[in-house]
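Scroll down for the structure; my scribbles are underneath it.
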Amino acid sequence: MDILLVASAFNSLSQRLYAELSDRGHRVDVVLASHGDDPVRAAVREHRPELVIAPMLTTALPEDVWREHTCLIVHPGPPGDRGPSSLDWAIAEQAPEWGVTVLQAEAGMDAGPVWAAEPFRVAPVGKSDLYRNEVSDAAVTAVLAAVRRHAEGSYKPRPQSDPSIGVVWRDPLRQERRRIDWAYDDTATVLRKLRGADSRPGVLDELLGREVFLHGGHPEDELRGRPGELLARRSGAVCRATRDGAVWIPELRPRKNSGDPAPFRRPATDVLAALDPSLELPEAEAPLELPEHRRTYADIRYRQRGDVGLLSFSFPGGAMSTGQCRRLLAAYEHALTRPTRVLVLGGARDFFSNGIHLNVIEAAPDPALESWANLQAMDDLAQAVLCTTDRLVVAALAGNAAAGGAMLALAADQVWCRAGTVLNPHYRRMGLYGSELWTYSLPRRVGPREAERLTGQALPVSAAGALRTGLVDRVVPAAPGEFAAEAERLAAGLAAVPDLDRRIADKAAARAADEERRPLADHRRAELARMHAVFFDPEAPYHALRAAFVRKTPTGTPRPLTPPPGESR
């Protein structure tokens with residue numbers, strides 16, 4: 001079937017649906033609605049789709065499009081739910097179960113007949129994590145059902161006037177409802193408000209006499225202070241006292257009209273330093289091997305279970321700054337001192353890594369210099385993984401990976417990913433050639449021709465597609481909250497195989513042979529030469545693309561998201 005995806009942004013859900021539908025033989029094209037109605041109309045005329053699907057829209061489809069074509073809207077709420085803040089309300093009202101509905105576009109917002117719906121359990125995580133995982137899984141199931149029903153031609157979608165559908169209109173969840181009363185709200189309430197707005201819009205608050213948005217929240221079980229007081233700092237996050245405890249806030253965002261030249265999400269300590277350079281908060285260090293009972297913020301942790309080492313990391317938005325890369329490398333080197341036979345890298349859920357931290361780079365006094373430092377730190381980490389020859393290293397992808405983060409995963413001996421994972425093993429859409437030793441790792445796994453296709457077409461790859469091409473070695477069919485435990489169980493099985501010593505020896509011999517043919521240093525030198533030329537060229541597209549991405553501004557002419565006619569899909 002010819003399907004056109006219309007989205008305000010090619011976000012995680014849009015990418016996953018593109019990959020999942022393509023895997024099933026559908027011919028899928030994408031147009032961004034953020035450029036206005038005319039490009040949408042033009043795409044419909046050009047592609048003449050049998051079906052239009054809108055996975056993520058912040059504006060209405062043009063009326064002439066939905067009147068003349070079957071257009072399906074993916075709504076992150078159960079049947080009958082209407083309004084633009086559905087997921088926000090689910091978290092705010094502590095709904096145990098929510099759903100995704102695929103409905104037909106009509107004049108009324110979210111009022112069209114229902115083609116498919118799929119429920120999901122609401123996990124106690126941030127809204128963006130929930131969206132990329134439980135919502136994404138339910139959306140794929142519902143969309144595939146709707147596409148199948150449309151293709152069969154006999155299905156009649158259920159009107160929302162059906163007595164079994166209870167219609168509920170939910171107004172936008174505004175800042176008045178999100179606002180935290182630090183003297184009154186308990187820790188659970190504060191965390192719920194923070195998690196319900198972790199990606200956008202954030203929770204508007206006041207710090208150091210300035211209005212800022214708070215992004216993300218984690219509990220703290222030991223530090224205490226006056227409600228609202230800033231208590232400590234750790235790994236870029238700040239700890240703030242509540243009425244009955246404390247919470248860690250990883251990121252802050254200055255208001256656009258604040259005069260701050262970088263009014264976008266950044267590590268909380270960076271924003272506070274810009275607000276008041278004289279502010280000094282104590283560093284509350286946390287051990288790498290944190291006791292199991294602790295409830296605190298630690299973006300890098302290490303555990304050992306018999307012959308298996310588990311190095312987990314989870315950075316906001318999946319981006320890895322220079323400092324985060326260096327801290328993770330130090331943790332990796334610590335893990336190598338422990339007597340294990342298998343070392344697993346990856347977080348419990350959500351992003352694995354998206355590579356260098358574009359927000360930190362954009363805010364730096366010299367973005368070119370910070371880009372260069374960040375890339376070198378990513379390269380150091382990837383090289384350390386590639387040069388580990390005394391044990392097997394597994395990259396366990398609970399969530400999505402892109403650009404340098406995807407290439408970091410490929411440096412491991414085995415790559416395991418959850419069935420809902422989307423990989424973007426390319427850099428081209430940010431105007432970059434790439435590094436992280438991808439010119440060695442990617443062709444080693446998929447071959448030169450497939451490596452060229454993946455990096456050239458720059459399209460998302462589903463978990464199943466990654467398994468077919470050799471990008472990953474295992475797809476784990478686990479729910480988002482169950483992946484980490486399943487990966488640990490599989491790692492224990494790998495550590496117990498009788499021929500593990502032979503596998504490790506073969507790995508070391510293969511690495512030595514590859515080094516003889518072409519040293520890793522040569523790959524790295526060639527990649528960095530290409531990247532240096534881009535970073536330090538003020539006219540290179542990378543700088544405008546980075547600024548547009550970080551500041552959420554249009555880049556001008558829409559770039560094609562699908563291969564031009566005649567190119568393989």
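The chains in the structure tokens are called A, B, ... from first to last as shown; in each chain the residues are counted from 1, and the ligands are counted from 1 in the order shown.
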*Select from stretch 71-267 of chain A everything DSSP, run on the backbone, classes as strand (DSSP E), then give the selection as number ranges by chain.*
A: 71-75, 81-82, 97-104, 114-121, 168-169, 203-207, 210-215, 218-220, 230-234, 237-241, 246-249, 251-254, 266-267
*Contacts of A:Thr58 at 9 Å (only C-alpha atoms; same-chain gap of 5+ positions) as a count of residues only*: 5
*Can you tell me, as a list of chain:residue names, what residues are no more than 7 Å from A:Met1 when counting only C-alpha atoms, ignoring any on the same chain fewer than 4 positions away?*
A:His26, A:Arg27, A:Glu50
Filtering to C-alpha atoms, could you give me those residues as an mmCIF file, in the first residue's frame?
```cif
data_model
loop_
_atom_site.group_PDB
_atom_site.id
_atom_site.type_symbol
_atom_site.label_atom_id
_atom_site.label_comp_id
_atom_site.auth_asym_id
_atom_site.auth_seq_id
_atom_site.Cartn_x
_atom_site.Cartn_y
_atom_site.Cartn_z
ATOM 1 C CA HIS A 26 4.323 -0.718 2.348
ATOM 2 C CA ARG A 27 5.690 2.158 0.256
ATOM 3 C CA GLU A 50 -3.940 5.161 -0.615
#
```
*Tell me which protein, DNA and RNA residues are within 8 Å of A:Phe315, counting only C-alpha atoms, leaving out same-chain ones fewer than 2 positions away, and put them as a PyMOL selection string.*
chain A and resi 299+313+317-320+351+353
Grab the residues selected above and save them as a CSV table (one decimal), in the first residue's frame with C-alpha atoms.
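See out.csv below for the written result:
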```csv
chain,number,residue,atom,x,y,z
A,299,ASP,CA,23.3,8.7,35.6
A,313,PHE,CA,24.0,4.8,32.0
A,317,GLY,CA,17.5,13.0,25.9
A,318,GLY,CA,20.2,10.4,25.1
A,319,ALA,CA,22.8,13.2,24.4
A,320,MET,CA,26.3,12.8,25.7
A,351,PHE,CA,17.6,6.0,25.0
A,353,SER,CA,22.7,7.2,23.2
```
Can I get the residues of stretch 261-330 of chain A within 12 Å of stretch 493-514 of chain A, each with the closest pair of atoms and their distance in Å to one decimal, using only C-alpha atoms, sorted chain first then ascending number, as a Markdown table?
```
| residue | atom | partner | partner_atom | distance |
| --- | --- | --- | --- | --- |
| A:Arg305 | CA | A:Ala495 | CA | 10.5 |
| A:Gly306 | CA | A:Ala495 | CA | 9.0 |
| A:Asp307 | CA | A:Ala495 | CA | 6.2 |
| A:Val308 | CA | A:Ala495 | CA | 6.7 |
| A:Gly309 | CA | A:Ala495 | CA | 10.2 |
```
Would you output that residue set with N, CA, C and O atoms, as a PDB file, in the first residue's frame?
```pdb
ATOM      1  N   ARG A 305      27.112  -9.208  38.823  1.00  0.00           N
ATOM      2  CA  ARG A 305      26.351 -10.409  39.150  1.00  0.00           C
ATOM      3  C   ARG A 305      27.145 -11.606  38.675  1.00  0.00           C
ATOM      4  O   ARG A 305      27.108 -11.974  37.496  1.00  0.00           O
ATOM      5  N   GLY A 306      27.925 -12.201  39.567  1.00  0.00           N
ATOM      6  CA  GLY A 306      28.758 -13.323  39.172  1.00  0.00           C
ATOM      7  C   GLY A 306      29.787 -12.906  38.141  1.00  0.00           C
ATOM      8  O   GLY A 306      30.580 -11.983  38.370  1.00  0.00           O
ATOM      9  N   ASP A 307      29.772 -13.558  36.989  1.00  0.00           N
ATOM     10  CA  ASP A 307      30.735 -13.265  35.924  1.00  0.00           C
ATOM     11  C   ASP A 307      30.271 -12.140  35.003  1.00  0.00           C
ATOM     12  O   ASP A 307      30.899 -11.884  33.975  1.00  0.00           O
ATOM     13  N   VAL A 308      29.167 -11.482  35.345  1.00  0.00           N
ATOM     14  CA  VAL A 308      28.609 -10.428  34.487  1.00  0.00           C
ATOM     15  C   VAL A 308      28.742  -9.066  35.168  1.00  0.00           C
ATOM     16  O   VAL A 308      28.317  -8.884  36.309  1.00  0.00           O
ATOM     17  N   GLY A 309      29.339  -8.116  34.450  1.00  0.00           N
ATOM     18  CA  GLY A 309      29.361  -6.732  34.899  1.00  0.00           C
ATOM     19  C   GLY A 309      28.299  -5.948  34.150  1.00  0.00           C
ATOM     20  O   GLY A 309      28.098  -6.150  32.946  1.00  0.00           O
TER      21      GLY A 309
END
```
Within 10 Å of A:Asp2, counting only C-alpha atoms, which residues show up once you throw out same-chain ones fewer than 5 positions away? Write them as a PDB file with N, CA, C and O atoms, in the first residue's frame, please.
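What follows is the written file result08.pdb:
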```
ATOM      1  N   GLY A  25       6.417  -4.083   3.819  1.00  0.00           N
ATOM      2  CA  GLY A  25       6.258  -3.986   2.375  1.00  0.00           C
ATOM      3  C   GLY A  25       5.475  -2.792   1.883  1.00  0.00           C
ATOM      4  O   GLY A  25       5.252  -2.653   0.669  1.00  0.00           O
ATOM      5  N   HIS A  26       5.036  -1.917   2.789  1.00  0.00           N
ATOM      6  CA  HIS A  26       4.323  -0.718   2.348  1.00  0.00           C
ATOM      7  C   HIS A  26       5.310   0.302   1.786  1.00  0.00           C
ATOM      8  O   HIS A  26       6.473   0.369   2.219  1.00  0.00           O
ATOM      9  N   ARG A  27       4.866   1.082   0.825  1.00  0.00           N
ATOM     10  CA  ARG A  27       5.690   2.158   0.256  1.00  0.00           C
ATOM     11  C   ARG A  27       5.353   3.432   1.020  1.00  0.00           C
ATOM     12  O   ARG A  27       4.263   3.998   0.864  1.00  0.00           O
ATOM     13  N   VAL A  28       6.295   3.868   1.835  1.00  0.00           N
ATOM     14  CA  VAL A  28       6.027   4.942   2.788  1.00  0.00           C
ATOM     15  C   VAL A  28       6.824   6.189   2.420  1.00  0.00           C
ATOM     16  O   VAL A  28       8.028   6.121   2.163  1.00  0.00           O
ATOM     17  N   ASP A  29       6.132   7.321   2.401  1.00  0.00           N
ATOM     18  CA  ASP A  29       6.783   8.616   2.227  1.00  0.00           C
ATOM     19  C   ASP A  29       6.396   9.510   3.397  1.00  0.00           C
ATOM     20  O   ASP A  29       5.402   9.249   4.103  1.00  0.00           O
ATOM     21  N   HIS A  47       2.392  11.931  -4.477  1.00  0.00           N
ATOM     22  CA  HIS A  47       2.485  10.511  -4.113  1.00  0.00           C
ATOM     23  C   HIS A  47       1.165   9.767  -4.285  1.00  0.00           C
ATOM     24  O   HIS A  47       1.164   8.535  -4.326  1.00  0.00           O
ATOM     25  N   ARG A  48       0.067  10.512  -4.333  1.00  0.00           N
ATOM     26  CA  ARG A  48      -1.247   9.900  -4.502  1.00  0.00           C
ATOM     27  C   ARG A  48      -1.418   8.692  -3.572  1.00  0.00           C
ATOM     28  O   ARG A  48      -1.648   7.564  -4.004  1.00  0.00           O
ATOM     29  N   PRO A  49      -1.316   8.906  -2.268  1.00  0.00           N
ATOM     30  CA  PRO A  49      -1.330   7.780  -1.329  1.00  0.00           C
ATOM     31  C   PRO A  49      -2.710   7.136  -1.216  1.00  0.00           C
ATOM     32  O   PRO A  49      -3.748   7.795  -1.393  1.00  0.00           O
ATOM     33  N   GLU A  50      -2.694   5.863  -0.908  1.00  0.00           N
ATOM     34  CA  GLU A  50      -3.940   5.161  -0.615  1.00  0.00           C
ATOM     35  C   GLU A  50      -4.411   5.472   0.803  1.00  0.00           C
ATOM     36  O   GLU A  50      -5.584   5.305   1.128  1.00  0.00           O
ATOM     37  N   LEU A  51      -3.480   5.893   1.626  1.00  0.00           N
ATOM     38  CA  LEU A  51      -3.783   6.156   3.030  1.00  0.00           C
ATOM     39  C   LEU A  51      -2.829   7.230   3.541  1.00  0.00           C
ATOM     40  O   LEU A  51      -1.633   7.203   3.249  1.00  0.00           O
ATOM     41  N   VAL A  52      -3.364   8.170   4.306  1.00  0.00           N
ATOM     42  CA  VAL A  52      -2.550   9.195   4.969  1.00  0.00           C
ATOM     43  C   VAL A  52      -2.608   8.922   6.470  1.00  0.00           C
ATOM     44  O   VAL A  52      -3.699   8.736   7.036  1.00  0.00           O
TER      45      VAL A  52
END
```
*asked:* Among stretch 190-220 of chain A, which ones does DSSP assign to alpha helix (DSSP H) (computed from the backbone)? Answer as a ChimeraX atom specification.
replied: /A:190-195
Preceding selection exported with N, CA, C and O atoms as a compact mmCIF listing (two decimals), in the first residue's frame:
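Written out: out.txt:
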```
# COMPACT_ATOMS: atom_id res chain seq x y z
N VAL A 190 5.58 16.49 43.67
CA VAL A 190 6.59 17.22 42.91
C VAL A 190 7.11 16.36 41.77
O VAL A 190 7.24 16.83 40.62
N LEU A 191 7.42 15.11 42.06
CA LEU A 191 7.94 14.22 41.01
C LEU A 191 6.91 14.02 39.90
O LEU A 191 7.26 14.00 38.72
N ARG A 192 5.64 13.88 40.27
CA ARG A 192 4.60 13.68 39.27
C ARG A 192 4.50 14.90 38.36
O ARG A 192 4.36 14.77 37.14
N LYS A 193 4.57 16.09 38.92
CA LYS A 193 4.51 17.31 38.11
C LYS A 193 5.73 17.43 37.21
O LYS A 193 5.62 17.81 36.04
N LEU A 194 6.91 17.11 37.74
CA LEU A 194 8.13 17.19 36.94
C LEU A 194 8.11 16.16 35.82
O LEU A 194 8.46 16.47 34.67
N ARG A 195 7.70 14.95 36.12
CA ARG A 195 7.71 13.89 35.11
C ARG A 195 6.65 14.11 34.04
O ARG A 195 6.83 13.68 32.90
```
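Picture a line from atom CA of A:Pro263 to atom CA of A:Asn133; it runs 28.0 Å.
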_Need to verify the contact set: A:Glu97, 9 Å, only C-alpha atoms, exclusion of same-chain residues closer than 4 positions in sequence. Can you return it as a PyMOL selection string?_
chain A and resi 90+119-123
_Just to confirm, what's the straight-line distance from atom CA of A:Tyr131 to atom CA of A:Arg149 in Å (one decimal)?_
24.8 Å
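Remark: for A:Tyr18, the closest of the candidate residues A:Ser164, A:Thr296, A:Thr553, A:Ser462 is A:Ser462 (distances computed over only C-alpha atoms).
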*A:Leu252: which residues within 8 Å, counting only C-alpha atoms, same-chain residues fewer than 5 positions away excluded, as a VMD selection string?*
chain A and resid 212 to 215 264 to 268 271
Save out the residues we just selected, N, CA and C atoms, as a compact mmCIF listing (two decimals), in the first residue's frame.
```txt
# COMPACT_ATOMS: atom_id res chain seq x y z
N VAL A 212 12.52 30.06 35.24
CA VAL A 212 13.10 29.01 34.41
C VAL A 212 12.12 27.84 34.36
N PHE A 213 12.28 26.99 33.36
CA PHE A 213 11.51 25.77 33.27
C PHE A 213 12.35 24.61 33.81
N LEU A 214 11.72 23.77 34.64
CA LEU A 214 12.38 22.60 35.20
C LEU A 214 12.05 21.39 34.33
N HIS A 215 13.06 20.57 34.03
CA HIS A 215 12.87 19.40 33.17
C HIS A 215 13.42 18.15 33.86
N PHE A 264 17.30 27.25 25.87
CA PHE A 264 16.89 25.88 25.58
C PHE A 264 17.41 24.98 26.68
N ARG A 265 16.95 23.73 26.70
CA ARG A 265 17.29 22.80 27.77
C ARG A 265 18.78 22.55 27.83
N ARG A 266 19.32 22.66 29.06
CA ARG A 266 20.74 22.40 29.28
C ARG A 266 20.90 21.77 30.66
N PRO A 267 22.06 21.19 30.96
CA PRO A 267 22.29 20.69 32.32
C PRO A 267 21.99 21.80 33.34
N ALA A 268 21.32 21.42 34.41
CA ALA A 268 20.86 22.41 35.37
C ALA A 268 22.00 23.26 35.93
N VAL A 271 22.96 26.13 33.56
CA VAL A 271 22.02 27.25 33.55
C VAL A 271 22.17 28.09 34.82
```
*asked:* Ranking A:Gly346, A:Pro201, A:Gly259, A:Gly434 by minimum distance to A:Trp372 and counting only C-alpha atoms, which one comes first?
replied: A:Gly434
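For the pair atom CA of A:Ala142 and atom CA of A:Pro172, the interatomic distance is 24.5 Å.
Residue nearest A:Asp537 within the list A:Ala479, A:Gly431, A:Ala451, A:Glu283: A:Gly431 [criterion: smallest interatomic distance, only C-alpha atoms].
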